[in-house]
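File shown: coords-v2.txt. Contents: compact mmCIF, C-alpha atoms and all ligand atoms.
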```
# COMPACT_ATOMS: atom_id res chain seq x y z
CA MET X 1 -41.89 58.87 -56.11
CA GLU X 2 -42.44 61.71 -53.63
CA LYS X 3 -45.85 62.51 -55.09
CA LEU X 4 -46.84 58.83 -54.91
CA SER X 5 -45.64 58.62 -51.33
CA ASN X 6 -47.65 61.70 -50.32
CA SER X 7 -50.85 60.17 -51.64
CA ILE X 8 -50.74 57.29 -49.12
CA ASP X 9 -53.77 57.31 -46.82
CA ARG X 10 -52.76 56.55 -43.20
CA SER X 11 -56.18 57.17 -41.66
CA TRP X 12 -56.78 53.44 -41.21
CA ILE X 13 -53.92 53.20 -38.70
CA ASP X 14 -53.66 56.75 -37.32
CA GLN X 15 -57.13 56.49 -35.76
CA TRP X 16 -55.82 53.92 -33.25
CA SER X 17 -53.35 54.23 -30.42
CA LEU X 18 -50.21 52.44 -31.47
CA PRO X 19 -48.81 49.82 -31.69
CA PHE X 20 -51.39 48.40 -34.07
CA ILE X 21 -51.52 44.68 -33.33
CA ILE X 22 -52.52 41.98 -35.80
CA SER X 23 -52.62 38.42 -34.50
CA GLY X 24 -54.11 35.02 -35.18
CA PRO X 25 -52.99 31.67 -36.54
CA CYS X 26 -50.66 31.04 -39.43
CA SER X 27 -53.46 29.02 -41.07
CA ALA X 28 -57.17 28.60 -40.58
CA GLU X 29 -57.68 24.90 -39.76
CA SER X 30 -61.21 24.53 -38.40
CA GLU X 31 -64.10 26.75 -37.36
CA GLN X 32 -63.53 25.78 -33.74
CA GLN X 33 -59.80 26.69 -33.88
CA ILE X 34 -60.55 30.07 -35.48
CA LEU X 35 -63.34 31.04 -33.09
CA GLU X 36 -61.49 29.85 -29.99
CA THR X 37 -58.27 31.67 -30.93
CA ALA X 38 -60.17 34.86 -31.76
CA ASN X 39 -62.15 34.78 -28.51
CA ARG X 40 -59.02 34.28 -26.44
CA LEU X 41 -57.27 37.14 -28.29
CA ASN X 42 -60.18 39.54 -28.09
CA SER X 43 -58.96 42.42 -25.91
CA SER X 44 -58.19 46.09 -26.23
CA TYR X 45 -54.62 45.24 -27.36
CA ILE X 46 -55.67 43.50 -30.58
CA LYS X 47 -57.08 45.36 -33.57
CA VAL X 48 -57.01 42.71 -36.27
CA PHE X 49 -57.47 38.95 -36.39
CA ARG X 50 -55.36 37.22 -39.06
CA ALA X 51 -55.51 33.73 -40.58
CA GLY X 52 -54.02 32.29 -43.77
CA ILE X 53 -56.65 30.68 -46.00
CA TRP X 54 -54.42 30.03 -49.01
CA LYS X 55 -50.92 29.05 -47.93
CA PRO X 56 -47.96 29.40 -50.29
CA ARG X 57 -45.75 26.45 -49.33
CA THR X 58 -42.15 26.13 -50.45
CA LYS X 59 -42.51 22.37 -51.06
CA PRO X 60 -45.45 20.44 -52.53
CA ASN X 61 -47.52 17.94 -50.52
CA ASN X 62 -47.88 20.21 -47.49
CA PHE X 63 -51.11 21.68 -46.16
CA GLU X 64 -51.92 24.44 -48.65
CA GLY X 65 -54.74 26.11 -46.78
CA ILE X 66 -58.38 25.39 -46.08
CA GLY X 67 -59.61 27.67 -48.89
CA LYS X 68 -62.90 29.46 -49.27
CA LYS X 69 -64.70 28.01 -46.22
CA GLY X 70 -62.10 29.70 -44.00
CA LEU X 71 -63.44 33.04 -45.24
CA GLU X 72 -66.81 32.19 -43.69
CA TRP X 73 -65.09 31.55 -40.35
CA LEU X 74 -63.27 34.90 -40.58
CA HIS X 75 -66.56 36.59 -41.33
CA LYS X 76 -68.00 35.00 -38.15
CA VAL X 77 -65.05 36.32 -36.13
CA LYS X 78 -65.67 39.81 -37.47
CA LYS X 79 -69.35 39.64 -36.52
CA SER X 80 -68.94 38.09 -33.09
CA THR X 81 -65.87 39.99 -31.81
CA GLY X 82 -65.91 43.27 -33.74
CA LEU X 83 -62.23 42.73 -34.63
CA MET X 84 -61.12 43.54 -38.17
CA VAL X 85 -60.06 40.45 -40.11
CA ALA X 86 -57.13 39.89 -42.46
CA THR X 87 -55.92 37.21 -44.83
CA GLU X 88 -53.24 36.66 -47.46
CA ILE X 89 -54.19 36.93 -51.13
CA ALA X 90 -51.99 35.75 -53.98
CA ASN X 91 -54.09 36.04 -57.17
CA ALA X 92 -57.13 37.77 -58.68
CA GLU X 93 -59.52 35.00 -57.57
CA HIS X 94 -58.37 35.34 -53.94
CA VAL X 95 -58.92 39.11 -54.13
CA LYS X 96 -62.46 38.67 -55.41
CA LEU X 97 -63.42 36.08 -52.78
CA ALA X 98 -61.84 38.04 -49.90
CA ILE X 99 -63.78 41.15 -50.94
CA ASP X 100 -67.04 39.16 -51.28
CA PHE X 101 -66.64 37.93 -47.70
CA GLY X 102 -65.94 41.41 -46.29
CA ILE X 103 -62.31 40.79 -45.29
CA ASP X 104 -60.99 44.17 -44.06
CA ILE X 105 -57.27 43.81 -44.66
CA LEU X 106 -55.61 41.85 -47.45
CA TRP X 107 -51.90 41.17 -47.24
CA ILE X 108 -49.54 40.18 -50.00
CA GLY X 109 -47.04 37.48 -48.93
CA ALA X 110 -43.28 37.62 -49.32
CA ARG X 111 -43.20 35.14 -52.22
CA SER X 112 -45.82 37.14 -54.12
CA THR X 113 -44.05 40.48 -53.62
CA ALA X 114 -41.04 38.91 -55.34
CA SER X 115 -43.13 38.33 -58.50
CA PRO X 116 -44.09 41.44 -60.54
CA PHE X 117 -46.65 39.47 -62.63
CA THR X 118 -48.43 38.36 -59.47
CA ILE X 119 -48.41 41.88 -58.03
CA GLN X 120 -49.77 43.32 -61.27
CA GLU X 121 -52.55 40.71 -61.34
CA ILE X 122 -53.48 41.60 -57.74
CA ALA X 123 -53.31 45.36 -58.42
CA ASP X 124 -55.57 44.96 -61.49
CA ALA X 125 -58.08 42.93 -59.47
CA LEU X 126 -58.11 45.61 -56.75
CA GLU X 127 -58.87 48.51 -59.09
CA GLY X 128 -61.83 50.47 -57.71
CA GLU X 129 -61.57 48.87 -54.23
CA ASN X 130 -60.34 52.12 -52.73
CA ASN X 131 -61.43 51.33 -49.20
CA LYS X 132 -59.51 48.10 -48.75
CA ILE X 133 -56.39 48.16 -46.63
CA ILE X 134 -53.54 46.38 -48.41
CA LEU X 135 -50.32 45.36 -46.63
CA VAL X 136 -47.29 44.36 -48.66
CA LYS X 137 -44.76 42.02 -47.05
CA ASN X 138 -41.13 42.48 -48.02
CA PRO X 139 -39.99 40.19 -50.86
CA ILE X 140 -38.09 37.08 -49.72
CA HIS X 141 -34.76 38.60 -50.72
CA PRO X 142 -33.55 42.10 -49.80
CA ASP X 143 -34.49 43.90 -53.02
CA LEU X 144 -35.77 47.37 -52.18
CA GLU X 145 -36.83 48.02 -55.78
CA LEU X 146 -39.14 44.99 -55.91
CA TRP X 147 -40.75 46.08 -52.67
CA THR X 148 -41.27 49.72 -53.68
CA GLY X 149 -42.25 48.53 -57.17
CA ALA X 150 -45.14 46.56 -55.66
CA LEU X 151 -46.36 49.71 -53.90
CA GLU X 152 -46.10 51.71 -57.12
CA ARG X 153 -48.23 49.11 -58.95
CA LEU X 154 -50.93 49.33 -56.24
CA LEU X 155 -50.82 53.14 -56.08
CA GLY X 156 -51.11 53.13 -59.86
CA LYS X 157 -54.52 51.45 -59.51
CA GLY X 158 -55.75 54.03 -57.01
CA ILE X 159 -55.16 51.95 -53.86
CA ARG X 160 -54.26 54.42 -51.11
CA LYS X 161 -54.76 52.62 -47.78
CA LEU X 162 -51.42 50.92 -47.76
CA GLY X 163 -48.88 49.56 -45.31
CA VAL X 164 -45.84 47.30 -45.42
CA ILE X 165 -44.70 44.36 -43.31
CA HIS X 166 -41.06 43.62 -42.47
CA ARG X 167 -40.90 39.80 -42.14
CA GLY X 168 -37.17 39.40 -42.70
CA PHE X 169 -35.17 38.03 -45.62
CA TYR X 170 -34.10 34.57 -46.65
CA THR X 171 -30.40 33.87 -46.16
CA TYR X 172 -28.64 30.83 -47.52
CA LYS X 173 -26.09 30.89 -44.72
CA ASN X 174 -26.68 29.70 -41.17
CA SER X 175 -28.46 32.36 -39.22
CA LYS X 176 -30.15 32.39 -35.85
CA TYR X 177 -33.23 33.74 -37.65
CA ARG X 178 -35.63 31.96 -39.98
CA ASN X 179 -35.58 35.17 -42.01
CA GLN X 180 -32.84 37.66 -41.23
CA PRO X 181 -34.18 41.10 -40.29
CA ASN X 182 -32.65 44.03 -42.14
CA TRP X 183 -33.47 47.17 -40.19
CA ASN X 184 -31.21 49.27 -42.34
CA LEU X 185 -33.06 48.32 -45.51
CA VAL X 186 -36.35 49.21 -43.86
CA LEU X 187 -34.93 52.61 -42.90
CA ASN X 188 -34.02 53.12 -46.56
CA PHE X 189 -37.54 52.09 -47.48
CA ARG X 190 -38.91 54.68 -45.08
CA SER X 191 -36.79 57.43 -46.59
CA LEU X 192 -38.41 56.68 -49.99
CA PHE X 193 -41.96 56.33 -48.59
CA PRO X 194 -41.92 58.40 -45.38
CA ARG X 195 -45.69 58.19 -44.90
CA ILE X 196 -46.05 54.43 -45.18
CA PRO X 197 -47.05 52.63 -41.97
CA ILE X 198 -44.57 49.85 -41.18
CA ILE X 199 -45.57 46.68 -39.37
CA CYS X 200 -43.04 44.15 -38.11
CA ASP X 201 -43.67 40.38 -38.21
CA PRO X 202 -41.40 38.89 -35.50
CA SER X 203 -42.93 35.40 -36.00
CA HIS X 204 -41.61 34.91 -39.52
CA ILE X 205 -38.33 36.67 -38.67
CA CYS X 206 -37.60 34.34 -35.71
CA GLY X 207 -39.18 31.07 -36.75
CA ASN X 208 -39.42 30.30 -33.01
CA LYS X 209 -41.35 31.52 -29.99
CA GLU X 210 -38.33 32.55 -27.94
CA GLY X 211 -37.04 35.42 -30.05
CA ILE X 212 -40.36 37.20 -30.63
CA LEU X 213 -40.22 39.68 -27.73
CA ASP X 214 -36.67 40.74 -28.59
CA ILE X 215 -37.62 41.46 -32.21
CA ALA X 216 -40.78 43.27 -31.13
CA LYS X 217 -38.65 45.51 -28.88
CA LYS X 218 -36.29 46.23 -31.76
CA ALA X 219 -39.24 47.14 -33.98
CA TYR X 220 -40.32 49.59 -31.32
CA HIS X 221 -36.90 51.25 -31.37
CA PHE X 222 -37.29 51.84 -35.09
CA GLN X 223 -40.70 53.39 -34.52
CA TYR X 224 -42.70 50.79 -36.35
CA GLU X 225 -46.42 51.41 -36.26
CA GLY X 226 -47.46 47.85 -35.57
CA LEU X 227 -46.78 44.15 -35.11
CA MET X 228 -48.13 41.02 -36.77
CA ILE X 229 -47.59 38.05 -34.45
CA GLU X 230 -48.88 34.53 -35.07
CA SER X 231 -50.97 32.98 -32.29
CA HIS X 232 -52.88 29.72 -32.05
CA CYS X 233 -55.18 28.17 -29.45
CA ASP X 234 -52.99 25.02 -29.49
CA PRO X 235 -49.62 25.99 -31.06
CA ASP X 236 -47.96 22.58 -30.70
CA HIS X 237 -50.59 20.99 -32.93
CA ALA X 238 -50.74 23.75 -35.55
CA TRP X 239 -50.88 22.54 -39.16
CA SER X 240 -48.29 25.10 -40.27
CA ASP X 241 -45.50 27.00 -38.48
CA PRO X 242 -46.02 25.22 -35.10
CA LYS X 243 -42.62 26.30 -33.73
CA GLN X 244 -43.28 30.03 -33.97
CA GLN X 245 -46.89 30.33 -32.84
CA ILE X 246 -47.72 31.33 -29.28
CA THR X 247 -50.94 31.12 -27.27
CA PRO X 248 -53.18 34.20 -27.11
CA GLU X 249 -52.42 34.44 -23.38
CA ASN X 250 -48.64 34.50 -24.01
CA LEU X 251 -49.12 37.19 -26.61
CA LEU X 252 -51.16 39.40 -24.30
CA GLU X 253 -48.51 39.02 -21.57
CA MET X 254 -45.84 40.05 -24.06
CA LEU X 255 -47.81 43.09 -25.20
CA LYS X 256 -48.18 44.23 -21.59
CA LYS X 257 -44.38 44.16 -21.24
CA LEU X 258 -43.97 46.13 -24.46
CA THR X 259 -46.41 48.88 -23.51
CA CYS X 260 -44.57 49.30 -20.18
CA ILE X 261 -41.32 49.97 -22.04
CA GLU X 262 -43.07 52.45 -24.29
CA LYS X 263 -44.49 54.40 -21.39
CA TYR X 264 -41.18 55.02 -19.66
CA ASP X 265 -38.66 55.19 -22.47
CA GLN X 266 -37.30 58.57 -23.53
CA LYS X 267 -37.15 59.49 -27.19
CA SER X 268 -33.39 60.15 -27.16
CA LYS X 269 -32.72 56.73 -25.62
CA ARG X 270 -34.89 55.15 -28.27
CA TYR X 271 -32.76 56.75 -31.00
CA LEU X 272 -29.52 55.75 -29.34
CA ASP X 273 -30.72 52.17 -28.98
CA SER X 274 -31.77 52.00 -32.64
CA PHE X 275 -28.20 52.86 -33.70
CA ARG X 276 -26.89 50.21 -31.34
CA ILE X 277 -29.18 47.64 -32.92
CA LEU X 278 -27.80 48.51 -36.37
CA ILE X 279 -24.21 48.19 -35.09
CA ASP X 280 -24.95 44.87 -33.34
CA GLU X 281 -26.51 43.53 -36.51
CA LEU X 282 -23.43 44.46 -38.54
CA ASP X 283 -21.11 43.00 -35.90
CA GLU X 284 -22.99 39.71 -36.08
CA ASN X 285 -22.57 39.70 -39.85
CA ILE X 286 -18.83 40.45 -39.54
CA ILE X 287 -18.38 37.58 -37.08
CA SER X 288 -20.29 35.13 -39.32
CA LEU X 289 -18.09 36.14 -42.25
CA LEU X 290 -14.94 35.70 -40.15
CA ALA X 291 -16.07 32.19 -39.18
CA GLU X 292 -16.60 31.39 -42.85
CA ARG X 293 -13.18 32.77 -43.77
CA MET X 294 -11.48 30.65 -41.09
CA ASN X 295 -13.33 27.57 -42.33
CA ILE X 296 -11.96 28.09 -45.80
CA SER X 297 -8.46 28.58 -44.32
CA LYS X 298 -8.79 25.13 -42.76
CA LYS X 299 -9.72 23.56 -46.10
CA LEU X 300 -6.89 25.43 -47.78
CA GLY X 301 -4.48 24.15 -45.10
CA ALA X 302 -5.53 20.56 -45.77
CA LEU X 303 -5.13 21.00 -49.51
CA LYS X 304 -1.67 22.60 -49.17
CA LYS X 305 -0.63 19.72 -46.92
CA SER X 306 -1.80 16.99 -49.30
CA SER X 307 -0.27 18.79 -52.32
CA ASP X 308 2.89 19.64 -50.39
CA ILE X 309 2.64 23.39 -51.01
CA ALA X 310 4.27 25.92 -48.64
CA ILE X 311 1.83 27.62 -46.27
CA LEU X 312 3.22 31.11 -46.67
CA GLN X 313 2.83 32.47 -50.21
CA PRO X 314 4.32 36.02 -50.13
CA ASN X 315 2.99 37.06 -53.55
CA ARG X 316 -0.53 35.97 -52.81
CA TRP X 317 -0.41 37.81 -49.48
CA LYS X 318 0.85 41.01 -51.14
CA ASN X 319 -1.97 40.71 -53.64
CA ILE X 320 -4.68 40.32 -51.00
CA MET X 321 -3.31 43.28 -49.08
CA ASN X 322 -3.20 45.59 -52.13
CA LYS X 323 -6.66 44.65 -53.35
CA SER X 324 -8.23 45.00 -49.92
CA MET X 325 -6.55 48.34 -49.22
CA ASN X 326 -7.77 49.78 -52.51
CA PHE X 327 -11.29 48.45 -52.06
CA GLY X 328 -11.48 49.82 -48.51
CA LYS X 329 -9.97 53.17 -49.44
CA ASN X 330 -12.68 53.70 -52.05
CA LEU X 331 -15.24 53.12 -49.31
CA GLY X 332 -13.61 55.70 -47.06
CA ILE X 333 -12.03 53.28 -44.54
CA SER X 334 -8.70 54.35 -43.01
CA GLU X 335 -5.59 52.49 -44.21
CA GLU X 336 -4.41 52.00 -40.68
CA LEU X 337 -7.57 50.15 -39.68
CA LEU X 338 -7.57 47.94 -42.77
CA GLU X 339 -3.89 47.12 -42.46
CA GLY X 340 -4.32 46.15 -38.81
CA ILE X 341 -7.33 43.93 -39.51
CA PHE X 342 -5.76 42.18 -42.49
CA LYS X 343 -2.49 41.52 -40.70
CA LEU X 344 -4.41 39.86 -37.88
CA LEU X 345 -6.50 37.84 -40.33
CA HIS X 346 -3.42 36.67 -42.16
CA GLN X 347 -1.66 35.65 -38.94
CA GLU X 348 -4.73 33.70 -37.83
CA SER X 349 -5.02 31.97 -41.20
CA ILE X 350 -1.34 30.92 -41.08
CA LYS X 351 -1.81 29.66 -37.52
CA ILE X 352 -4.81 27.54 -38.54
CA GLN X 353 -2.94 26.06 -41.51
CA ASN X 354 0.10 25.32 -39.31
CA GLN X 355 -2.13 23.47 -36.86
CA ILE X 356 -3.28 21.24 -39.70
CA ARG X 357 0.32 20.49 -40.63
C1 LIG E 1 -47.79 34.18 -43.25
O1 LIG E 1 -47.90 35.32 -42.81
O2 LIG E 1 -48.38 33.20 -42.80
C2 LIG E 1 -46.83 33.94 -44.36
C3 LIG E 1 -46.93 32.91 -45.17
O3 LIG E 1 -45.86 34.85 -44.37
P1 LIG E 1 -44.66 35.18 -45.41
O4 LIG E 1 -45.30 35.61 -46.69
O5 LIG E 1 -43.98 36.28 -44.67
O6 LIG E 1 -43.82 33.94 -45.53
MN MN E 2 -46.87 31.45 -40.95
```

Using structure tokens, write down the structure that the file contains.
Amino acid sequence: MEKLSNSIDRSWIDQWSLPFIISGPCSAESEQQILETANRLNSSYIKVFRAGIWKPRTKPNNFEGIGKKGLEWLHKVKKSTGLMVATEIANAEHVKLAIDFGIDILWIGARSTASPFTIQEIADALEGENNKIILVKNPIHPDLELWTGALERLLGKGIRKLGVIHRGFYTYKNSKYRNQPNWNLVLNFRSLFPRIPIICDPSHICGNKEGILDIAKKAYHFQYEGLMIESHCDPDHAWSDPKQQITPENLLEMLKKLTCIEKYDQKSKRYLDSFRILIDELDENIISLLAERMNISKKLGALKKSSDIAILQPNRWKNIMNKSMNFGKNLGISEELLEGIFKLLHQESIKIQNQIR
């Protein structure tokens, strides 16, 4: 793995001052929309203009992308603005067309990264295209092996100009995010591929406009090399992802704020803050799990009431305590801490069930 990681070519990103910003609409809709968005974005902050041409939609009967003619519009953007252009590819045919139209950066979407057959098909189609920049989004679920496996397949075909995009992970449970970020997993990714440039996609993490700046700041604390943020000349009327797209002007405002932070922040503070972000993320998870546990206690209380079963079941309680203490001890957690937490949890559960009585 180390040898593979060392062969990654970072020249495509290292030649720019960071952060490396990719922006543009979720989907290409019309020539006018593409050209207007690109012209309004065109500034020293933006390096790459993005637009989805083929859209992988979770459900059928949605807009699935404008297809090949969108590539002509991207080509026009490249010629008229000098920006690099990027689109998502999901099969060998997409790869061929994107290369024919001179698309500079091809990205692999989260649903594709989750499918080894798709990745292999794309890697085969890219063989010999050593100058293309390929970005691999994280798979929809937090599987580090699938993600690194995709990179290995591309490296195996001689592709060296690589990067990855953290766009968050699907969670079944209620979350304030559309796709839950997992900074810790990305840190693990970086320890396996230390040379890989990492780009964060706050738009698909948040699923709304409001959270984007906060996620972009967090990405900065983890020393990400770049950001991919969706923007649209008329976000409210976008054909896909209208809630999370912002206007080019809003984006540029946001980027100004970010570069100010970067100028004045000290490295040690940045490190400290990144640990705090990891702790906050875990605390949020603990609280969500506690809420879930209390919900089940309520249901249990109702069942015990209707079946006329006593609330306090000493054997069951002893069992929970023993199992939890053993499990925690194996993970290196102090007995005192576990005992304290579980006593409190038990008391709360009894209280909830009593209220139902
Ligand atoms: C996109 O970038 O428009 C997209 C579809 O992203 P993801 O693969 O992260 O869902
Ligand atoms: Mn999108």

Query raised in the report: Within 10 Å of ligand LIG 1 (chain E), counting only C-alpha atoms and all ligand atoms, which protein or nucleic acid residues do you find, written as a ChimeraX atom specification?
Result: /X:24-27,50-58,87-88,90,107-113,136-140,165-170,179,201-205,228-230,240-241

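Considering the residues X:Leu106, X:Ser43, X:Phe275, X:Ala38 and counting all atoms listed in the file, Lys78 of chain X has its shortest atom-to-atom contact with X:Ala38.
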
Query - Exercise: segment 318-321 of chain X partners within 10 Å, all atoms listed in the file, chain neighbours under 5 positions left out, as number ranges by chain - result: X: 313, 326-327, 338-339, 342-343, 346

Report task. Can you pull out every residue within 10 Å of Tyr220 of chain X, counting only C-alpha atoms, but drop anything in the same chain fewer than 4 positions away, and send it as number ranges by chain? Result -> X: 19, 200, 214-216, 224-227, 258-259, 261-262, 270, 274

Report summary line: Min atom-atom distance to ligand MN 2 (chain E) from the set X:Ser306, X:Gln355, X:Gln245, X:Ser17, counting all atoms listed in the file, belongs to X:Gln245

Query - atom CA of Lys157 of chain X to atom CA of Gln120 of chain X, distance in Å rounded to a single decimal - result: 9.6 Å

**Report entry** Counting all atoms listed in the file, the option among X:Ile199, X:Met1, X:Ala291, X:Ile34 closest to Asn174 of chain X
**Finding:**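 Using all atoms listed in the file, the shortest distance to Asn174 of chain X belongs to X:Ala291.
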
Report summary line: ligand MN 2 (chain E) proximity check over X:Leu35, X:Ile350, X:Ile277, X:Ala238, using only C-alpha atoms and all ligand atoms: winner is X:Ala238

Report summary line: In terms of only C-alpha atoms and all ligand atoms, the residue from X:Glu64, X:Glu249, X:Asp143, X:Glu121 at minimal distance from ligand MN 2 (chain E) is X:Glu64

Query - Minimum-distance residue to Gln15 of chain X, chosen among X:Lys217, X:Arg40, X:Lys47, X:Glu72 (using all atoms listed in the file) - result: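 Closest candidate: X:Lys47.
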
Six-sided padding of 5 Å per side, axis-aligned box over segment 38-52 of chain X, centre and edges in Å, one decimal, as lines of an AutoDock Vina configuration file:
```
center_x = -58.1
center_y = 39.2
center_z = -34.8
size_x = 18.1
size_y = 23.8
size_z = 27.9
```

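Interatomic distance, atom CA of Leu162 of chain X to atom CA of Leu71 of chain X: 21.7 Å.
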